[in-house]
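Reading through the structure tokens given below for one structure.
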Amino acid sequence: MVSGEGERRAPEFYDDRLYVNDGKGNFITSEEALPKISANGACVISADFNEDGAMDLFLGTRSLPGSYGLSPDSYLLLNDGKGNFTNAQLPELKELGMVTDAVWLEQEKTLVVVGEWMPVTRLEIGKFGDKRLEIKKLEIINSGGWWNTVHSDDLDGDGDQDLLLGNQGLNCNLKASPEKPVELYVADFDNNFYTDPLLVYYKHDKQYSYYSKDELFDQLTLIKKKFVDYALFSKSTFQEVFDATQLEKALHKEVQTFASAFAENQGNGNFILKPLPIEAQFSPIFAFATSDFTGDGHKDVIAVGNWYDVQPSMGRYDASYGVFLQYDVKNNFIYKENVKSGFTVSGEGRDIKILPNGLILVTRNGLPIQVFQKKDQDIK
């Protein structure tokens, strides 16, 4: 289990844990199995990455607490076959990004990683050789997003794994495209030993700071001297507020899309990104599940999301009550209304699990687990 949060800095709050099953359903903490890594963990994926017969671990790291926007390291831990793990020290995982989720595609020997301010990233992992794994890092073009989750399944029935990707959604006052991306600049602009993240967006073909004069003044004292009144600041573009010299030292990131998406596997390691229907864009998506819910022989999709703890200028994302998408023979997603599907979820949905007995469990932030029963022809 990975550990993580963004509030406390003590290392013990970031220690990961390995629980060993004694064969009778009892789990015992293995104190020495994992290397000491203090990281704000987001996800853990198990797979035999080096093909030696033992399950290894990928640890995706969410952020560097107190330094929003900087890219933390992620880790690949190799199993010695006896349940002891060592850090593979792979340079490709250094500053990988603000990882939120990952999925292993066994057929392609590819780890797909997503995160905030990240493109959809594929890590093709080769066999163990020369005392290290061989990793080839590939990115889907123009796929930078605020990705929350990735889910894999063969939706089109062609034998390979496709991807469902949960993003911020389009019901947002920020708009992004390859031509007009939303951007982030991170640096210690006022030399006080703390990094400052600056959010930038396009308005009428010009770039402006997303943050107001008051918000910037609280963060950057140097702006107070440059702009003494609101009128001048309101007319100034981002480049007029921060000159090129200041921005040269900053880490720069982009988002080209906020749309939650379906990535169709082309069978050769390439994916084509397609936005999900508009009904799936009303709020951020944090979890997917797939199964043949309608009994037509084709896998369908359910999804949950919403996000309440948002700064006032962006507003609270609460427009989703769960999403049901029927996938038809023509490879189209058809939205099914909540009242017809029976799949209605209130609150902040965070995960979905389908049990072998047909029960569907939906976890929600601060609310009880919601339970649905999968029927032969529909969800009730």
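We label chains A, B, ... in the order they appear in the structure tokens, count residues from 1 in each chain, and number ligands from 1 in the order shown.
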Hey, could you make a per-residue contact list for region 105-191 of chain A against region 54-76 of chain A with 10 Å as the cut-off, showing the nearest pair of atoms and its distance in Å to one decimal, counting only C-alpha atoms, sorted by chain and number, as a Markdown table?
| residue | atom | partner | partner_atom | distance |
| --- | --- | --- | --- | --- |
| A:Leu111 | CA | A:Phe58 | CA | 9.0 |
| A:Val113 | CA | A:Gly60 | CA | 8.2 |
| A:Val114 | CA | A:Gly60 | CA | 9.4 |
| A:Gly115 | CA | A:Arg62 | CA | 7.7 |
| A:Glu116 | CA | A:Arg62 | CA | 8.4 |
| A:Trp117 | CA | A:Gly69 | CA | 7.9 |
| A:Met118 | CA | A:Ser71 | CA | 9.6 |
| A:Leu133 | CA | A:Leu76 | CA | 9.7 |
| A:Leu184 | CA | A:Gly69 | CA | 7.6 |
| A:Tyr185 | CA | A:Gly69 | CA | 8.1 |
| A:Val186 | CA | A:Gly69 | CA | 6.3 |
| A:Ala187 | CA | A:Leu70 | CA | 9.0 |
| A:Asp188 | CA | A:Ser67 | CA | 9.9 |
Selected residues, N, CA, C and O atoms, written as a PDB file, in the first residue's frame, please.
ATOM      1  N   LEU A 111       3.668   0.057 -19.513  1.00  0.00           N
ATOM      2  CA  LEU A 111       3.041   0.691 -18.368  1.00  0.00           C
ATOM      3  C   LEU A 111       2.511   2.045 -18.816  1.00  0.00           C
ATOM      4  O   LEU A 111       3.287   2.894 -19.273  1.00  0.00           O
ATOM      5  N   VAL A 113       0.981   5.538 -17.800  1.00  0.00           N
ATOM      6  CA  VAL A 113       0.984   6.393 -16.609  1.00  0.00           C
ATOM      7  C   VAL A 113       0.295   7.709 -16.942  1.00  0.00           C
ATOM      8  O   VAL A 113       0.554   8.309 -18.004  1.00  0.00           O
ATOM      9  N   VAL A 114      -0.579   8.169 -16.041  1.00  0.00           N
ATOM     10  CA  VAL A 114      -1.246   9.453 -16.216  1.00  0.00           C
ATOM     11  C   VAL A 114      -1.069  10.288 -14.958  1.00  0.00           C
ATOM     12  O   VAL A 114      -0.754   9.769 -13.883  1.00  0.00           O
ATOM     13  N   GLY A 115      -1.302  11.593 -15.102  1.00  0.00           N
ATOM     14  CA  GLY A 115      -1.173  12.471 -13.947  1.00  0.00           C
ATOM     15  C   GLY A 115      -1.594  13.883 -14.266  1.00  0.00           C
ATOM     16  O   GLY A 115      -2.011  14.206 -15.387  1.00  0.00           O
ATOM     17  N   GLU A 116      -1.476  14.730 -13.264  1.00  0.00           N
ATOM     18  CA  GLU A 116      -1.820  16.148 -13.412  1.00  0.00           C
ATOM     19  C   GLU A 116      -0.678  16.876 -14.112  1.00  0.00           C
ATOM     20  O   GLU A 116       0.489  16.656 -13.796  1.00  0.00           O
ATOM     21  N   TRP A 117      -1.036  17.706 -15.102  1.00  0.00           N
ATOM     22  CA  TRP A 117      -0.042  18.406 -15.915  1.00  0.00           C
ATOM     23  C   TRP A 117       0.871  17.403 -16.637  1.00  0.00           C
ATOM     24  O   TRP A 117       2.044  17.658 -16.848  1.00  0.00           O
ATOM     25  N   MET A 118       0.300  16.267 -17.040  1.00  0.00           N
ATOM     26  CA  MET A 118       1.080  15.239 -17.727  1.00  0.00           C
ATOM     27  C   MET A 118       0.402  14.828 -19.024  1.00  0.00           C
ATOM     28  O   MET A 118      -0.831  14.798 -19.093  1.00  0.00           O
ATOM     29  N   LEU A 133      16.680  -2.598 -16.219  1.00  0.00           N
ATOM     30  CA  LEU A 133      15.583  -2.697 -17.167  1.00  0.00           C
ATOM     31  C   LEU A 133      15.775  -1.673 -18.278  1.00  0.00           C
ATOM     32  O   LEU A 133      16.341  -0.603 -18.067  1.00  0.00           O
ATOM     33  N   LEU A 184       1.443  26.279 -17.002  1.00  0.00           N
ATOM     34  CA  LEU A 184       1.896  26.445 -15.627  1.00  0.00           C
ATOM     35  C   LEU A 184       3.379  26.780 -15.636  1.00  0.00           C
ATOM     36  O   LEU A 184       4.169  26.117 -16.319  1.00  0.00           O
ATOM     37  N   TYR A 185       3.742  27.809 -14.879  1.00  0.00           N
ATOM     38  CA  TYR A 185       5.140  28.175 -14.674  1.00  0.00           C
ATOM     39  C   TYR A 185       5.441  28.053 -13.184  1.00  0.00           C
ATOM     40  O   TYR A 185       4.699  28.591 -12.348  1.00  0.00           O
ATOM     41  N   VAL A 186       6.526  27.347 -12.852  1.00  0.00           N
ATOM     42  CA  VAL A 186       6.873  27.128 -11.446  1.00  0.00           C
ATOM     43  C   VAL A 186       8.316  27.538 -11.209  1.00  0.00           C
ATOM     44  O   VAL A 186       9.238  27.037 -11.880  1.00  0.00           O
ATOM     45  N   ALA A 187       8.518  28.447 -10.273  1.00  0.00           N
ATOM     46  CA  ALA A 187       9.867  28.874  -9.901  1.00  0.00           C
ATOM     47  C   ALA A 187       9.783  29.643  -8.585  1.00  0.00           C
ATOM     48  O   ALA A 187       8.694  30.026  -8.131  1.00  0.00           O
ATOM     49  N   ASP A 188      10.926  29.881  -7.982  1.00  0.00           N
ATOM     50  CA  ASP A 188      10.998  30.751  -6.800  1.00  0.00           C
ATOM     51  C   ASP A 188      11.193  32.175  -7.314  1.00  0.00           C
ATOM     52  O   ASP A 188      12.304  32.706  -7.332  1.00  0.00           O
TER      53      ASP A 188
END
Using only C-alpha atoms, which protein or nucleic acid residues come within 6 Å of Ala287 (chain A)? Drop anything in the same chain fewer than 3 positions from it, and give the result as an mmCIF file with C-alpha atoms, in the first residue's frame.
data_model
loop_
_atom_site.group_PDB
_atom_site.id
_atom_site.type_symbol
_atom_site.label_atom_id
_atom_site.label_comp_id
_atom_site.auth_asym_id
_atom_site.auth_seq_id
_atom_site.Cartn_x
_atom_site.Cartn_y
_atom_site.Cartn_z
ATOM 1 C CA ALA A 303 -17.890 6.138 -14.293
ATOM 2 C CA VAL A 304 -18.025 8.370 -11.209
ATOM 3 C CA ARG A 350 -13.646 7.905 -6.082
ATOM 4 C CA ASP A 351 -13.550 4.206 -7.036
#
Exercise for review: Just the helix (DSSP H, G or I) stuff from region 232-278 of chain A, please, per backbone DSSP, written as a list in words.
Suggested key: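 Across region 232-278 of chain A, those assigned helix (DSSP H, G or I) are Leu232, Phe233, Ser234, Phe238, Gln239, Glu240, Val241, Ala244, Thr245, Gln246, Leu247, Glu248 and Ile278 of chain A.
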Would you mind exporting all heavy atoms of the selected residues as an mmCIF file, in the first residue's frame?
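See out30.cif below for the written result:
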data_model
loop_
_atom_site.group_PDB
_atom_site.id
_atom_site.type_symbol
_atom_site.label_atom_id
_atom_site.label_comp_id
_atom_site.auth_asym_id
_atom_site.auth_seq_id
_atom_site.Cartn_x
_atom_site.Cartn_y
_atom_site.Cartn_z
ATOM 1 N N LEU A 232 -4.281 48.935 -13.922
ATOM 2 C CA LEU A 232 -3.123 48.582 -14.738
ATOM 3 C C LEU A 232 -2.944 47.070 -14.815
ATOM 4 O O LEU A 232 -2.668 46.514 -15.883
ATOM 5 C CB LEU A 232 -1.866 49.237 -14.163
ATOM 6 C CG LEU A 232 -0.552 48.942 -14.899
ATOM 7 C CD1 LEU A 232 -0.631 49.389 -16.340
ATOM 8 C CD2 LEU A 232 0.628 49.599 -14.180
ATOM 9 N N PHE A 233 -3.127 46.394 -13.684
ATOM 10 C CA PHE A 233 -2.964 44.939 -13.668
ATOM 11 C C PHE A 233 -4.002 44.259 -14.555
ATOM 12 O O PHE A 233 -3.698 43.308 -15.282
ATOM 13 C CB PHE A 233 -3.078 44.408 -12.239
ATOM 14 C CG PHE A 233 -2.921 42.918 -12.130
ATOM 15 C CD1 PHE A 233 -1.661 42.340 -12.051
ATOM 16 C CD2 PHE A 233 -4.025 42.085 -12.120
ATOM 17 C CE1 PHE A 233 -1.501 40.971 -11.967
ATOM 18 C CE2 PHE A 233 -3.881 40.707 -12.042
ATOM 19 C CZ PHE A 233 -2.617 40.154 -11.961
ATOM 20 N N SER A 234 -5.244 44.740 -14.523
ATOM 21 C CA SER A 234 -6.316 44.097 -15.285
ATOM 22 C C SER A 234 -6.097 44.174 -16.790
ATOM 23 O O SER A 234 -6.620 43.350 -17.538
ATOM 24 C CB SER A 234 -7.663 44.744 -14.926
ATOM 25 O OG SER A 234 -7.699 46.094 -15.355
ATOM 26 N N PHE A 238 0.039 38.306 -19.376
ATOM 27 C CA PHE A 238 0.959 37.566 -18.504
ATOM 28 C C PHE A 238 2.404 37.973 -18.772
ATOM 29 O O PHE A 238 3.201 38.125 -17.841
ATOM 30 C CB PHE A 238 0.781 36.065 -18.728
ATOM 31 C CG PHE A 238 1.676 35.217 -17.878
ATOM 32 C CD1 PHE A 238 1.456 35.100 -16.513
ATOM 33 C CD2 PHE A 238 2.750 34.538 -18.438
ATOM 34 C CE1 PHE A 238 2.284 34.317 -15.720
ATOM 35 C CE2 PHE A 238 3.588 33.756 -17.651
ATOM 36 C CZ PHE A 238 3.354 33.649 -16.286
ATOM 37 N N GLN A 239 2.747 38.175 -20.038
ATOM 38 C CA GLN A 239 4.115 38.556 -20.393
ATOM 39 C C GLN A 239 4.459 39.967 -19.931
ATOM 40 O O GLN A 239 5.632 40.298 -19.761
ATOM 41 C CB GLN A 239 4.318 38.437 -21.899
ATOM 42 C CG GLN A 239 4.395 37.011 -22.420
ATOM 43 C CD GLN A 239 3.031 36.329 -22.487
ATOM 44 O OE1 GLN A 239 1.999 36.983 -22.395
ATOM 45 N NE2 GLN A 239 3.031 35.017 -22.645
ATOM 46 N N GLU A 240 3.437 40.800 -19.711
ATOM 47 C CA GLU A 240 3.687 42.138 -19.183
ATOM 48 C C GLU A 240 3.821 42.130 -17.662
ATOM 49 O O GLU A 240 4.473 43.002 -17.086
ATOM 50 C CB GLU A 240 2.560 43.074 -19.609
ATOM 51 C CG GLU A 240 2.568 43.366 -21.110
ATOM 52 C CD GLU A 240 1.310 44.067 -21.579
ATOM 53 O OE1 GLU A 240 0.270 43.974 -20.885
ATOM 54 O OE2 GLU A 240 1.359 44.705 -22.640
ATOM 55 N N VAL A 241 3.219 41.127 -17.031
ATOM 56 C CA VAL A 241 3.355 40.993 -15.580
ATOM 57 C C VAL A 241 4.683 40.341 -15.231
ATOM 58 O O VAL A 241 5.394 40.770 -14.319
ATOM 59 C CB VAL A 241 2.182 40.177 -15.004
ATOM 60 C CG1 VAL A 241 2.369 39.979 -13.489
ATOM 61 C CG2 VAL A 241 0.856 40.877 -15.278
ATOM 62 N N ALA A 244 10.413 37.991 -19.703
ATOM 63 C CA ALA A 244 11.058 36.777 -20.199
ATOM 64 C C ALA A 244 12.178 36.299 -19.294
ATOM 65 O O ALA A 244 12.387 35.089 -19.120
ATOM 66 C CB ALA A 244 11.592 37.021 -21.616
ATOM 67 N N THR A 245 12.903 37.225 -18.685
ATOM 68 C CA THR A 245 14.005 36.852 -17.801
ATOM 69 C C THR A 245 13.504 36.060 -16.599
ATOM 70 O O THR A 245 14.124 35.074 -16.178
ATOM 71 C CB THR A 245 14.757 38.102 -17.318
ATOM 72 O OG1 THR A 245 15.221 38.834 -18.453
ATOM 73 C CG2 THR A 245 15.936 37.732 -16.441
ATOM 74 N N GLN A 246 12.367 36.482 -16.052
ATOM 75 C CA GLN A 246 11.799 35.766 -14.916
ATOM 76 C C GLN A 246 11.305 34.378 -15.300
ATOM 77 O O GLN A 246 11.442 33.416 -14.547
ATOM 78 C CB GLN A 246 10.640 36.576 -14.319
ATOM 79 C CG GLN A 246 11.058 37.868 -13.637
ATOM 80 C CD GLN A 246 9.850 38.688 -13.228
ATOM 81 O OE1 GLN A 246 9.016 39.041 -14.060
ATOM 82 N NE2 GLN A 246 9.762 38.969 -11.932
ATOM 83 N N LEU A 247 10.730 34.256 -16.508
ATOM 84 C CA LEU A 247 10.139 32.997 -16.930
ATOM 85 C C LEU A 247 11.168 31.988 -17.414
ATOM 86 O O LEU A 247 10.893 30.781 -17.437
ATOM 87 C CB LEU A 247 9.108 33.249 -18.036
ATOM 88 C CG LEU A 247 7.912 34.122 -17.638
ATOM 89 C CD1 LEU A 247 6.979 34.308 -18.827
ATOM 90 C CD2 LEU A 247 7.154 33.511 -16.461
ATOM 91 N N GLU A 248 12.343 32.454 -17.801
ATOM 92 C CA GLU A 248 13.374 31.547 -18.308
ATOM 93 C C GLU A 248 13.797 30.508 -17.275
ATOM 94 O O GLU A 248 14.138 29.379 -17.616
ATOM 95 C CB GLU A 248 14.600 32.345 -18.766
ATOM 96 C CG GLU A 248 14.434 32.998 -20.128
ATOM 97 C CD GLU A 248 15.632 33.846 -20.503
ATOM 98 O OE1 GLU A 248 16.576 33.942 -19.677
ATOM 99 O OE2 GLU A 248 15.628 34.417 -21.594
ATOM 100 N N ILE A 278 -20.491 14.114 -24.333
ATOM 101 C CA ILE A 278 -20.562 15.339 -23.535
ATOM 102 C C ILE A 278 -21.093 15.071 -22.129
ATOM 103 O O ILE A 278 -20.696 15.738 -21.166
ATOM 104 C CB ILE A 278 -21.427 16.407 -24.259
ATOM 105 C CG1 ILE A 278 -21.318 17.757 -23.562
ATOM 106 C CG2 ILE A 278 -22.870 15.941 -24.368
ATOM 107 C CD1 ILE A 278 -19.925 18.341 -23.556
#
Residues of region 172-281 of chain A within 12 Å of region 155-166 of chain A: nearest atom pair and distance (Å, one decimal) for each, counting only C-alpha atoms, sorted by chain and number, as a Markdown table?
| residue | atom | partner | partner_atom | distance |
| --- | --- | --- | --- | --- |
| A:Thr257 | CA | A:Gly166 | CA | 11.4 |
| A:Phe258 | CA | A:Gly166 | CA | 9.2 |
| A:Ala259 | CA | A:Gly166 | CA | 8.0 |
| A:Ser260 | CA | A:Gly166 | CA | 4.8 |
| A:Ala261 | CA | A:Leu165 | CA | 5.1 |
| A:Phe262 | CA | A:Leu164 | CA | 4.7 |
| A:Ala263 | CA | A:Leu163 | CA | 4.9 |
| A:Glu264 | CA | A:Asp162 | CA | 5.1 |
| A:Asn265 | CA | A:Asp162 | CA | 5.0 |
| A:Gln266 | CA | A:Asp160 | CA | 8.4 |
| A:Gly267 | CA | A:Asp160 | CA | 6.5 |
| A:Asn268 | CA | A:Asp160 | CA | 9.7 |
| A:Gly269 | CA | A:Asp160 | CA | 9.7 |
| A:Asn270 | CA | A:Asp162 | CA | 10.3 |
| A:Phe271 | CA | A:Asp162 | CA | 8.0 |
| A:Ile272 | CA | A:Asp162 | CA | 9.6 |
| A:Leu273 | CA | A:Leu163 | CA | 9.1 |
| A:Lys274 | CA | A:Leu164 | CA | 9.7 |
| A:Pro275 | CA | A:Leu165 | CA | 9.3 |
| A:Leu276 | CA | A:Leu164 | CA | 8.9 |
| A:Ala280 | CA | A:Gly166 | CA | 9.3 |
| A:Gln281 | CA | A:Gly166 | CA | 9.3 |
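The shell of residues at most 8 Å from region 219-229 of chain A, with only C-alpha atoms counted and near chain neighbours (fewer than 6 positions) removed, consists of Phe189, Asp190, Asp196 and Val241 of chain A.
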Check your understanding: To one decimal place, how far is CA of Glu134 (chain A) from CA of His252 (chain A) in Å?
Key -> 27.6 Å
**Study point:** Who sits within 12 Å of Asn173 (chain A), only C-alpha atoms, same chain under 6 positions skipped, as a list in words
**Key:**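 The residues that qualify are Val182, Tyr201, Tyr202, Lys203, Tyr210, Phe258, Pro312, Ser313, Met314, Gly315, Arg316 and Tyr317 of chain A.
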Review point. Do you know which residues are at most 12 Å from Leu105 (chain A) counting only C-alpha atoms, after dropping those on the same chain fewer than 2 positions away, and could you put them as a PyMOL selection string?
Key: chain A and resi 45-49+102-103+107-113+122-125+150-154+160-163+265+267+269
Selection to disk with C-alpha atoms, as a PDB file, in the first residue's frame:
ATOM      1  CA  ILE A  45       1.006  -1.458  -9.832  1.00  0.00           C
ATOM      2  CA  SER A  46       2.259  -5.043  -9.560  1.00  0.00           C
ATOM      3  CA  ALA A  47       3.632  -6.948 -12.547  1.00  0.00           C
ATOM      4  CA  ASP A  48       6.604  -9.104 -13.457  1.00  0.00           C
ATOM      5  CA  PHE A  49       8.402  -6.249 -15.194  1.00  0.00           C
ATOM      6  CA  ALA A 102      -1.143   3.767 -13.921  1.00  0.00           C
ATOM      7  CA  VAL A 103      -2.051   0.469 -15.588  1.00  0.00           C
ATOM      8  CA  GLN A 107       0.464  -7.975 -24.031  1.00  0.00           C
ATOM      9  CA  GLU A 108       2.354  -4.809 -25.002  1.00  0.00           C
ATOM     10  CA  LYS A 109       4.761  -4.942 -22.022  1.00  0.00           C
ATOM     11  CA  THR A 110       3.779  -1.325 -21.494  1.00  0.00           C
ATOM     12  CA  LEU A 111       3.041   0.691 -18.368  1.00  0.00           C
ATOM     13  CA  VAL A 112       0.597   3.521 -19.084  1.00  0.00           C
ATOM     14  CA  VAL A 113       0.984   6.393 -16.609  1.00  0.00           C
ATOM     15  CA  ARG A 122       3.685   4.933 -22.134  1.00  0.00           C
ATOM     16  CA  LEU A 123       6.700   3.225 -20.624  1.00  0.00           C
ATOM     17  CA  GLU A 124       7.686   0.265 -22.785  1.00  0.00           C
ATOM     18  CA  ILE A 125       9.645  -2.026 -20.475  1.00  0.00           C
ATOM     19  CA  VAL A 150      -6.766   5.272 -16.311  1.00  0.00           C
ATOM     20  CA  HIS A 151      -8.637   1.994 -16.832  1.00  0.00           C
ATOM     21  CA  SER A 152      -7.840  -0.730 -19.370  1.00  0.00           C
ATOM     22  CA  ASP A 153     -10.129  -3.232 -21.102  1.00  0.00           C
ATOM     23  CA  ASP A 154     -10.731  -4.628 -24.589  1.00  0.00           C
ATOM     24  CA  ASP A 160      -5.906  -5.760 -27.251  1.00  0.00           C
ATOM     25  CA  GLN A 161      -6.382  -3.446 -24.300  1.00  0.00           C
ATOM     26  CA  ASP A 162      -7.969  -0.028 -24.855  1.00  0.00           C
ATOM     27  CA  LEU A 163      -7.884   2.792 -22.324  1.00  0.00           C
ATOM     28  CA  ASN A 265      -5.453   0.642 -29.133  1.00  0.00           C
ATOM     29  CA  GLY A 267      -2.611  -2.969 -32.127  1.00  0.00           C
ATOM     30  CA  GLY A 269       1.452   0.161 -29.501  1.00  0.00           C
TER      31      GLY A 269
END
Check your understanding: Contacts of Lys336 (chain A) at 9 Å or less, counting only C-alpha atoms, minus same-chain residues fewer than 2 places along, as a PyMOL selection string?
Key -> chain A and resi 323-326+334+338-341
Practice item. Pick out each residue of region 158-253 of chain A that DSSP on the backbone tags as strand (DSSP E or B); I need them as a list of chain:residue names. Key: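 Everything in region 158-253 of chain A that counts as strand (DSSP E or B) is A:Asp162, A:Leu163, A:Leu164, A:Leu165, A:Gly166, A:Val182, A:Glu183, A:Leu184, A:Tyr185, A:Val186, A:Ala187, A:Asp196, A:Pro197, A:Leu198, A:Leu199, A:Val200, A:Tyr201, A:Tyr202, A:Lys203, A:Lys206, A:Gln207, A:Tyr208, A:Ser209, A:Leu251, A:His252, A:Lys253.
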C-alpha atoms of the current selection, written as a compact mmCIF listing (two decimals), in the first residue's frame:
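Saved as result.txt:
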# COMPACT_ATOMS: atom_id res chain seq x y z
CA ASP A 162 -7.97 -0.03 -24.86
CA LEU A 163 -7.88 2.79 -22.32
CA LEU A 164 -10.47 4.91 -20.54
CA LEU A 165 -9.03 8.15 -19.19
CA GLY A 166 -10.66 10.36 -16.55
CA VAL A 182 -3.48 26.17 -20.27
CA GLU A 183 0.04 26.59 -18.91
CA LEU A 184 1.90 26.45 -15.63
CA TYR A 185 5.14 28.18 -14.67
CA VAL A 186 6.87 27.13 -11.45
CA ALA A 187 9.87 28.87 -9.90
CA ASP A 196 5.46 29.77 -6.81
CA PRO A 197 3.07 28.09 -9.31
CA LEU A 198 1.61 30.51 -11.88
CA LEU A 199 -1.45 29.42 -13.86
CA VAL A 200 -1.82 30.99 -17.33
CA TYR A 201 -4.74 30.87 -19.77
CA TYR A 202 -5.77 32.38 -23.09
CA LYS A 203 -8.42 35.06 -23.41
CA LYS A 206 -3.71 36.71 -25.40
CA GLN A 207 -2.29 35.06 -22.30
CA TYR A 208 -3.28 36.26 -18.84
CA SER A 209 -2.59 35.22 -15.28
CA LEU A 251 9.59 24.93 -15.02
CA HIS A 252 6.98 25.04 -17.78
CA LYS A 253 4.04 22.63 -18.24
Practice item. Rounded to one decimal place, report the CA of Tyr14 (chain A)-CA of Asn40 (chain A) distance in Å. Key: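 Those two atoms sit 5.9 Å apart.
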**Study point:** For Ile360 (chain A): contacts at 10 Å, only C-alpha atoms, fewer than 3 positions along chain excluded, given as a VMD selection string
**Key:** chain A and resid 289 352 to 357 369 to 374 379
Print the selection's residues with N, CA, C and O atoms to a file, as an mmCIF file, in the first residue's frame.
data_model
loop_
_atom_site.group_PDB
_atom_site.id
_atom_site.type_symbol
_atom_site.label_atom_id
_atom_site.label_comp_id
_atom_site.auth_asym_id
_atom_site.auth_seq_id
_atom_site.Cartn_x
_atom_site.Cartn_y
_atom_site.Cartn_z
ATOM 1 N N ALA A 289 -15.411 1.551 -14.502
ATOM 2 C CA ALA A 289 -15.518 0.096 -14.463
ATOM 3 C C ALA A 289 -16.190 -0.341 -15.754
ATOM 4 O O ALA A 289 -16.993 0.405 -16.335
ATOM 5 N N ILE A 352 -14.619 2.345 -8.183
ATOM 6 C CA ILE A 352 -15.662 1.368 -8.490
ATOM 7 C C ILE A 352 -15.020 -0.007 -8.550
ATOM 8 O O ILE A 352 -13.980 -0.185 -9.177
ATOM 9 N N LYS A 353 -15.642 -0.982 -7.912
ATOM 10 C CA LYS A 353 -15.200 -2.360 -7.996
ATOM 11 C C LYS A 353 -16.408 -3.257 -8.261
ATOM 12 O O LYS A 353 -17.462 -3.101 -7.640
ATOM 13 N N ILE A 354 -16.240 -4.216 -9.192
ATOM 14 C CA ILE A 354 -17.277 -5.189 -9.507
ATOM 15 C C ILE A 354 -16.861 -6.527 -8.919
ATOM 16 O O ILE A 354 -15.801 -7.061 -9.246
ATOM 17 N N LEU A 355 -17.684 -7.073 -8.036
ATOM 18 C CA LEU A 355 -17.388 -8.338 -7.380
ATOM 19 C C LEU A 355 -17.855 -9.511 -8.241
ATOM 20 O O LEU A 355 -18.732 -9.357 -9.101
ATOM 21 N N PRO A 356 -17.283 -10.716 -8.030
ATOM 22 C CA PRO A 356 -17.684 -11.890 -8.824
ATOM 23 C C PRO A 356 -19.170 -12.213 -8.732
ATOM 24 O O PRO A 356 -19.729 -12.796 -9.669
ATOM 25 N N ASN A 357 -19.813 -11.835 -7.632
ATOM 26 C CA ASN A 357 -21.236 -12.136 -7.476
ATOM 27 C C ASN A 357 -22.140 -11.103 -8.135
ATOM 28 O O ASN A 357 -23.368 -11.168 -7.992
ATOM 29 N N ILE A 369 -20.219 3.566 1.368
ATOM 30 C CA ILE A 369 -20.114 2.864 0.091
ATOM 31 C C ILE A 369 -21.510 2.649 -0.488
ATOM 32 O O ILE A 369 -22.434 2.254 0.221
ATOM 33 N N GLN A 370 -21.651 2.904 -1.777
ATOM 34 C CA GLN A 370 -22.913 2.697 -2.458
ATOM 35 C C GLN A 370 -22.849 1.358 -3.206
ATOM 36 O O GLN A 370 -21.838 1.042 -3.847
ATOM 37 N N VAL A 371 -23.902 0.544 -3.099
ATOM 38 C CA VAL A 371 -23.902 -0.803 -3.653
ATOM 39 C C VAL A 371 -24.995 -0.936 -4.708
ATOM 40 O O VAL A 371 -26.143 -0.536 -4.488
ATOM 41 N N PHE A 372 -24.618 -1.520 -5.867
ATOM 42 C CA PHE A 372 -25.571 -1.814 -6.933
ATOM 43 C C PHE A 372 -25.494 -3.298 -7.248
ATOM 44 O O PHE A 372 -24.474 -3.948 -7.024
ATOM 45 N N GLN A 373 -26.590 -3.827 -7.796
ATOM 46 C CA GLN A 373 -26.630 -5.213 -8.226
ATOM 47 C C GLN A 373 -26.648 -5.288 -9.741
ATOM 48 O O GLN A 373 -27.535 -4.711 -10.377
ATOM 49 N N LYS A 374 -25.678 -5.975 -10.317
ATOM 50 C CA LYS A 374 -25.639 -6.157 -11.766
ATOM 51 C C LYS A 374 -26.690 -7.196 -12.160
ATOM 52 O O LYS A 374 -26.717 -8.309 -11.666
ATOM 53 N N ILE A 379 -28.509 -2.400 -15.079
ATOM 54 C CA ILE A 379 -28.129 -2.113 -13.700
ATOM 55 C C ILE A 379 -29.365 -1.632 -12.948
ATOM 56 O O ILE A 379 -30.111 -0.800 -13.462
#
Exercise for review: Determine the nearest neighbour of Asp80 (chain A) from the options A:Glu51, A:Glu337, A:Glu254, A:Glu92, counting only C-alpha atoms.
Suggested key: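 Closest residue, counting only C-alpha atoms: A:Glu51.
CA of Val20 (chain A) lies 11.4 Å from CA of Asn84 (chain A).
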